[in-house]
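Only one structure is covered here, and it is reproduced in the block below.
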Amino acid sequence: MKTIQLRRYELGEGTFDTFMTWWSTHLLPVRTEFGFDVEFSYVVPERNEIVWACSLDGDRDHFLEVEARYDASPGRSAAFAHLPAGVLLGKATDFVEDADPRSYGNRSA
């Protein structure tokens, strides 16, 4: 079993390249140390938003336990010390589950 968390970040105008450099250089290595994987990442240019999903083997309770250790870690604190002000303006997170439309067969509208 794998738990997936959808993450949406609002970025400051014109900060996408700065964010991506910080994210890939500083933040993702720390998440990886804790066992998280990136499922996908997409940018929504019109809204200065990046949408990505991270996963961890195990159930939601396990995800939350590992995330709490990650949040309290010196590595995460160090990563955020490298994030310039005005880059990350807001975030939202939700757990998601598979909704493969192929599993629903042919349904008439």
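Each chain in the structure tokens gets a letter, A, B and so on, in the order shown; residues start at 1 in every chain, and ligands are counted from 1 in the order they appear.
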What's around range 55-62 of chain A at 10 Å? Count only C-alpha atoms, leave out sequence neighbours fewer than 5 positions away in its own chain, and write the answer as a list in words. Met1, Lys2, Thr3, Ile4, Gln5, Leu6, Thr32, Phe34, Gly35, Phe36, Asp37, Val38, Glu39, Phe40, Glu67, Ala68 and Phe95 of chain A
May I have the selected residues written with N, CA, C and O atoms, as an mmCIF file, in the first residue's frame?
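out_35.cif written:
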data_model
loop_
_atom_site.group_PDB
_atom_site.id
_atom_site.type_symbol
_atom_site.label_atom_id
_atom_site.label_comp_id
_atom_site.auth_asym_id
_atom_site.auth_seq_id
_atom_site.Cartn_x
_atom_site.Cartn_y
_atom_site.Cartn_z
ATOM 1 N N MET A 1 0.845 -1.188 0.000
ATOM 2 C CA MET A 1 0.000 0.000 0.000
ATOM 3 C C MET A 1 0.884 1.243 0.000
ATOM 4 O O MET A 1 1.912 1.291 0.660
ATOM 5 N N LYS A 2 0.430 2.239 -0.716
ATOM 6 C CA LYS A 2 1.142 3.504 -0.822
ATOM 7 C C LYS A 2 0.152 4.629 -0.535
ATOM 8 O O LYS A 2 -0.986 4.601 -0.988
ATOM 9 N N THR A 3 0.584 5.620 0.232
ATOM 10 C CA THR A 3 -0.231 6.803 0.520
ATOM 11 C C THR A 3 0.326 7.965 -0.294
ATOM 12 O O THR A 3 1.540 8.178 -0.345
ATOM 13 N N ILE A 4 -0.583 8.719 -0.920
ATOM 14 C CA ILE A 4 -0.190 9.838 -1.780
ATOM 15 C C ILE A 4 -0.800 11.132 -1.253
ATOM 16 O O ILE A 4 -1.993 11.185 -0.949
ATOM 17 N N GLN A 5 0.038 12.151 -1.176
ATOM 18 C CA GLN A 5 -0.410 13.474 -0.755
ATOM 19 C C GLN A 5 -0.233 14.447 -1.915
ATOM 20 O O GLN A 5 0.866 14.584 -2.460
ATOM 21 N N LEU A 6 -1.312 15.103 -2.292
ATOM 22 C CA LEU A 6 -1.281 16.137 -3.327
ATOM 23 C C LEU A 6 -0.895 17.451 -2.654
ATOM 24 O O LEU A 6 -1.441 17.811 -1.609
ATOM 25 N N THR A 32 13.511 12.744 0.336
ATOM 26 C CA THR A 32 13.957 11.425 -0.103
ATOM 27 C C THR A 32 14.613 10.658 1.044
ATOM 28 O O THR A 32 14.406 9.447 1.180
ATOM 29 N N PHE A 34 13.768 10.634 3.989
ATOM 30 C CA PHE A 34 12.711 10.105 4.842
ATOM 31 C C PHE A 34 11.839 9.073 4.120
ATOM 32 O O PHE A 34 10.869 8.580 4.677
ATOM 33 N N GLY A 35 12.184 8.757 2.879
ATOM 34 C CA GLY A 35 11.478 7.711 2.146
ATOM 35 C C GLY A 35 10.386 8.185 1.215
ATOM 36 O O GLY A 35 9.714 7.368 0.582
ATOM 37 N N PHE A 36 10.179 9.496 1.108
ATOM 38 C CA PHE A 36 9.146 10.022 0.220
ATOM 39 C C PHE A 36 9.606 9.949 -1.234
ATOM 40 O O PHE A 36 10.787 10.133 -1.528
ATOM 41 N N ASP A 37 8.668 9.708 -2.125
ATOM 42 C CA ASP A 37 8.913 9.737 -3.569
ATOM 43 C C ASP A 37 8.030 10.800 -4.197
ATOM 44 O O ASP A 37 6.909 11.051 -3.730
ATOM 45 N N VAL A 38 8.506 11.411 -5.273
ATOM 46 C CA VAL A 38 7.684 12.344 -6.039
ATOM 47 C C VAL A 38 6.949 11.545 -7.114
ATOM 48 O O VAL A 38 7.580 10.873 -7.923
ATOM 49 N N GLU A 39 5.633 11.600 -7.087
ATOM 50 C CA GLU A 39 4.809 10.901 -8.078
ATOM 51 C C GLU A 39 4.755 11.690 -9.389
ATOM 52 O O GLU A 39 4.811 11.110 -10.453
ATOM 53 N N PHE A 40 4.586 13.000 -9.279
ATOM 54 C CA PHE A 40 4.543 13.877 -10.452
ATOM 55 C C PHE A 40 4.661 15.313 -9.980
ATOM 56 O O PHE A 40 4.488 15.603 -8.793
ATOM 57 N N GLU A 67 5.990 12.091 8.253
ATOM 58 C CA GLU A 67 5.967 13.520 7.931
ATOM 59 C C GLU A 67 6.253 14.378 9.167
ATOM 60 O O GLU A 67 6.934 15.403 9.073
ATOM 61 N N ALA A 68 5.758 13.962 10.323
ATOM 62 C CA ALA A 68 6.025 14.706 11.558
ATOM 63 C C ALA A 68 7.525 14.693 11.875
ATOM 64 O O ALA A 68 8.086 15.721 12.281
ATOM 65 N N PHE A 95 -4.729 14.388 0.990
ATOM 66 C CA PHE A 95 -4.452 13.014 0.612
ATOM 67 C C PHE A 95 -5.399 12.643 -0.525
ATOM 68 O O PHE A 95 -6.557 13.071 -0.545
#
Near Pro84 in chain A, within 10 Å and counting only C-alpha atoms, which residues show up once chain neighbours fewer than 6 positions away are dropped, as an MDAnalysis selection string? chainID A and resid 15 18:19 22
Residues of chain A in strand (DSSP E or B), written as a CSV table (one decimal) with N, CA and C atoms, in the first residue's frame:
chain,number,residue,atom,x,y,z
A,2,LYS,N,0.4,2.2,-0.7
A,2,LYS,CA,1.1,3.5,-0.8
A,2,LYS,C,0.2,4.6,-0.5
A,3,THR,N,0.6,5.6,0.2
A,3,THR,CA,-0.2,6.8,0.5
A,3,THR,C,0.3,8.0,-0.3
A,4,ILE,N,-0.6,8.7,-0.9
A,4,ILE,CA,-0.2,9.8,-1.8
A,4,ILE,C,-0.8,11.1,-1.3
A,5,GLN,N,0.0,12.2,-1.2
A,5,GLN,CA,-0.4,13.5,-0.8
A,5,GLN,C,-0.2,14.4,-1.9
A,6,LEU,N,-1.3,15.1,-2.3
A,6,LEU,CA,-1.3,16.1,-3.3
A,6,LEU,C,-0.9,17.5,-2.7
A,7,ARG,N,0.0,18.2,-3.3
A,7,ARG,CA,0.5,19.4,-2.7
A,7,ARG,C,0.4,20.5,-3.8
A,8,ARG,N,-0.1,21.6,-3.4
A,8,ARG,CA,-0.2,22.8,-4.3
A,8,ARG,C,0.4,24.0,-3.6
A,9,TYR,N,1.4,24.6,-4.4
A,9,TYR,CA,2.1,25.7,-3.8
A,9,TYR,C,1.9,26.9,-4.7
A,10,GLU,N,1.5,28.0,-4.1
A,10,GLU,CA,1.4,29.3,-4.8
A,10,GLU,C,2.8,30.0,-4.7
A,11,LEU,N,3.3,30.4,-5.9
A,11,LEU,CA,4.6,31.0,-5.9
A,11,LEU,C,4.5,32.5,-6.2
A,37,ASP,N,8.7,9.7,-2.1
A,37,ASP,CA,8.9,9.7,-3.6
A,37,ASP,C,8.0,10.8,-4.2
A,38,VAL,N,8.5,11.4,-5.3
A,38,VAL,CA,7.7,12.3,-6.0
A,38,VAL,C,6.9,11.5,-7.1
A,39,GLU,N,5.6,11.6,-7.1
A,39,GLU,CA,4.8,10.9,-8.1
A,39,GLU,C,4.8,11.7,-9.4
A,40,PHE,N,4.6,13.0,-9.3
A,40,PHE,CA,4.5,13.9,-10.5
A,40,PHE,C,4.7,15.3,-10.0
A,41,SER,N,5.0,16.2,-10.9
A,41,SER,CA,4.9,17.6,-10.6
A,41,SER,C,4.5,18.4,-11.9
A,42,TYR,N,3.7,19.3,-11.8
A,42,TYR,CA,3.2,20.2,-12.9
A,42,TYR,C,3.2,21.6,-12.5
A,43,VAL,N,3.3,22.5,-13.4
A,43,VAL,CA,3.2,23.9,-13.1
A,43,VAL,C,1.9,24.4,-13.8
A,44,VAL,N,1.3,25.4,-13.1
A,44,VAL,CA,0.1,26.1,-13.7
A,44,VAL,C,0.6,27.5,-13.9
A,49,GLU,N,1.5,28.6,-9.9
A,49,GLU,CA,1.3,27.4,-9.0
A,49,GLU,C,2.1,26.2,-9.5
A,50,ILE,N,2.6,25.5,-8.5
A,50,ILE,CA,3.1,24.1,-8.8
A,50,ILE,C,2.3,23.1,-8.1
A,51,VAL,N,1.9,22.1,-8.8
A,51,VAL,CA,1.1,21.0,-8.2
A,51,VAL,C,1.9,19.8,-8.3
A,52,TRP,N,2.1,19.1,-7.1
A,52,TRP,CA,2.9,17.9,-7.1
A,52,TRP,C,2.4,16.9,-6.1
A,53,ALA,N,2.8,15.7,-6.2
A,53,ALA,CA,2.3,14.7,-5.3
A,53,ALA,C,3.5,13.9,-4.8
A,54,CYS,N,3.5,13.7,-3.5
A,54,CYS,CA,4.6,12.8,-2.9
A,54,CYS,C,3.9,11.6,-2.3
A,55,SER,N,4.6,10.5,-2.3
A,55,SER,CA,4.1,9.3,-1.7
A,55,SER,C,5.0,8.6,-0.8
A,56,LEU,N,4.5,7.7,0.0
A,56,LEU,CA,5.3,7.0,1.0
A,56,LEU,C,4.6,5.6,1.1
A,57,ASP,N,5.4,4.6,1.1
A,57,ASP,CA,4.8,3.2,1.4
A,57,ASP,C,4.2,3.2,2.7
A,88,LEU,N,7.6,31.3,-1.9
A,88,LEU,CA,6.5,30.4,-1.6
A,88,LEU,C,5.5,31.3,-0.8
A,89,LEU,N,4.3,31.5,-1.4
A,89,LEU,CA,3.3,32.4,-0.8
A,89,LEU,C,2.2,31.6,-0.1
A,90,GLY,N,2.0,30.4,-0.5
A,90,GLY,CA,0.9,29.6,0.2
A,90,GLY,C,1.0,28.2,-0.3
A,91,LYS,N,0.4,27.3,0.5
A,91,LYS,CA,0.3,25.9,0.1
A,91,LYS,C,-1.0,25.3,0.7
A,92,ALA,N,-1.4,24.2,0.0
A,92,ALA,CA,-2.5,23.4,0.4
A,92,ALA,C,-2.1,21.9,0.1
A,93,THR,N,-2.5,21.1,1.0
A,93,THR,CA,-2.2,19.6,0.9
A,93,THR,C,-3.5,18.8,1.2
A,94,ASP,N,-3.6,17.7,0.4
A,94,ASP,CA,-4.7,16.8,0.6
A,94,ASP,C,-4.2,15.4,0.3
A,95,PHE,N,-4.7,14.4,1.0
A,95,PHE,CA,-4.5,13.0,0.6
A,95,PHE,C,-5.4,12.6,-0.5
A,96,VAL,N,-4.9,11.9,-1.5
A,96,VAL,CA,-5.7,11.5,-2.6
A,96,VAL,C,-5.7,10.0,-2.8
From the DSSP assignment of the backbone, select every residue of chain A that is alpha helix (DSSP H), and format the answer as a short mmCIF file (atom, residue, chain, number, x, y, z; two decimals) with C-alpha atoms, in the first residue's frame.
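Resulting contents of out31.cif:
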data_model
loop_
_atom_site.label_atom_id
_atom_site.label_comp_id
_atom_site.auth_asym_id
_atom_site.auth_seq_id
_atom_site.Cartn_x
_atom_site.Cartn_y
_atom_site.Cartn_z
CA PHE A 16 9.36 29.68 -10.69
CA ASP A 17 13.02 29.10 -11.62
CA THR A 18 14.18 30.08 -8.14
CA PHE A 19 11.63 27.74 -6.58
CA MET A 20 12.53 24.81 -8.84
CA THR A 21 16.25 25.21 -8.09
CA TRP A 22 15.57 25.37 -4.34
CA LEU A 28 13.63 17.01 -2.29
CA PRO A 29 16.88 15.44 -1.04
CA VAL A 30 15.60 15.75 2.54
CA ARG A 31 12.20 14.29 1.65
CA THR A 32 13.96 11.42 -0.10
CA GLU A 33 16.00 10.71 3.03
CA ARG A 60 -2.00 7.39 6.09
CA ASP A 61 -1.09 7.05 9.78
CA HIS A 62 2.41 5.94 8.82
CA PHE A 63 2.68 8.84 6.34
CA LEU A 64 1.70 11.31 9.07
CA GLU A 65 4.21 9.82 11.52
CA VAL A 66 7.07 10.05 9.03
CA GLU A 67 5.97 13.52 7.93
CA ALA A 68 6.02 14.71 11.56
CA ARG A 69 9.63 13.48 11.90
CA TYR A 70 10.48 15.13 8.57
CA ASP A 71 8.84 18.42 9.64
CA PRO A 74 17.21 19.71 11.09
CA GLY A 75 17.47 18.86 7.36
CA ARG A 76 14.07 20.40 6.62
CA SER A 77 14.92 23.48 8.68
CA ALA A 78 18.18 23.85 6.79
CA ALA A 79 16.39 23.47 3.46
CA PHE A 80 13.90 26.21 4.30
CA ALA A 81 16.75 28.49 5.43
#
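Minimum distance to Glu13 in chain A across A:Glu97, A:Ser73, A:Val87, A:Leu27 (counting only C-alpha atoms) occurs at A:Val87.
As for CA of Trp23 in chain A and CA of Asp98 in chain A, they are spaced 25.7 Å apart.
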Using only C-alpha atoms, pick whichever of A:Ala72, A:Asn48, A:His82, A:Ser103 has the shortest atom-to-atom distance to His26 in chain A. A:His82
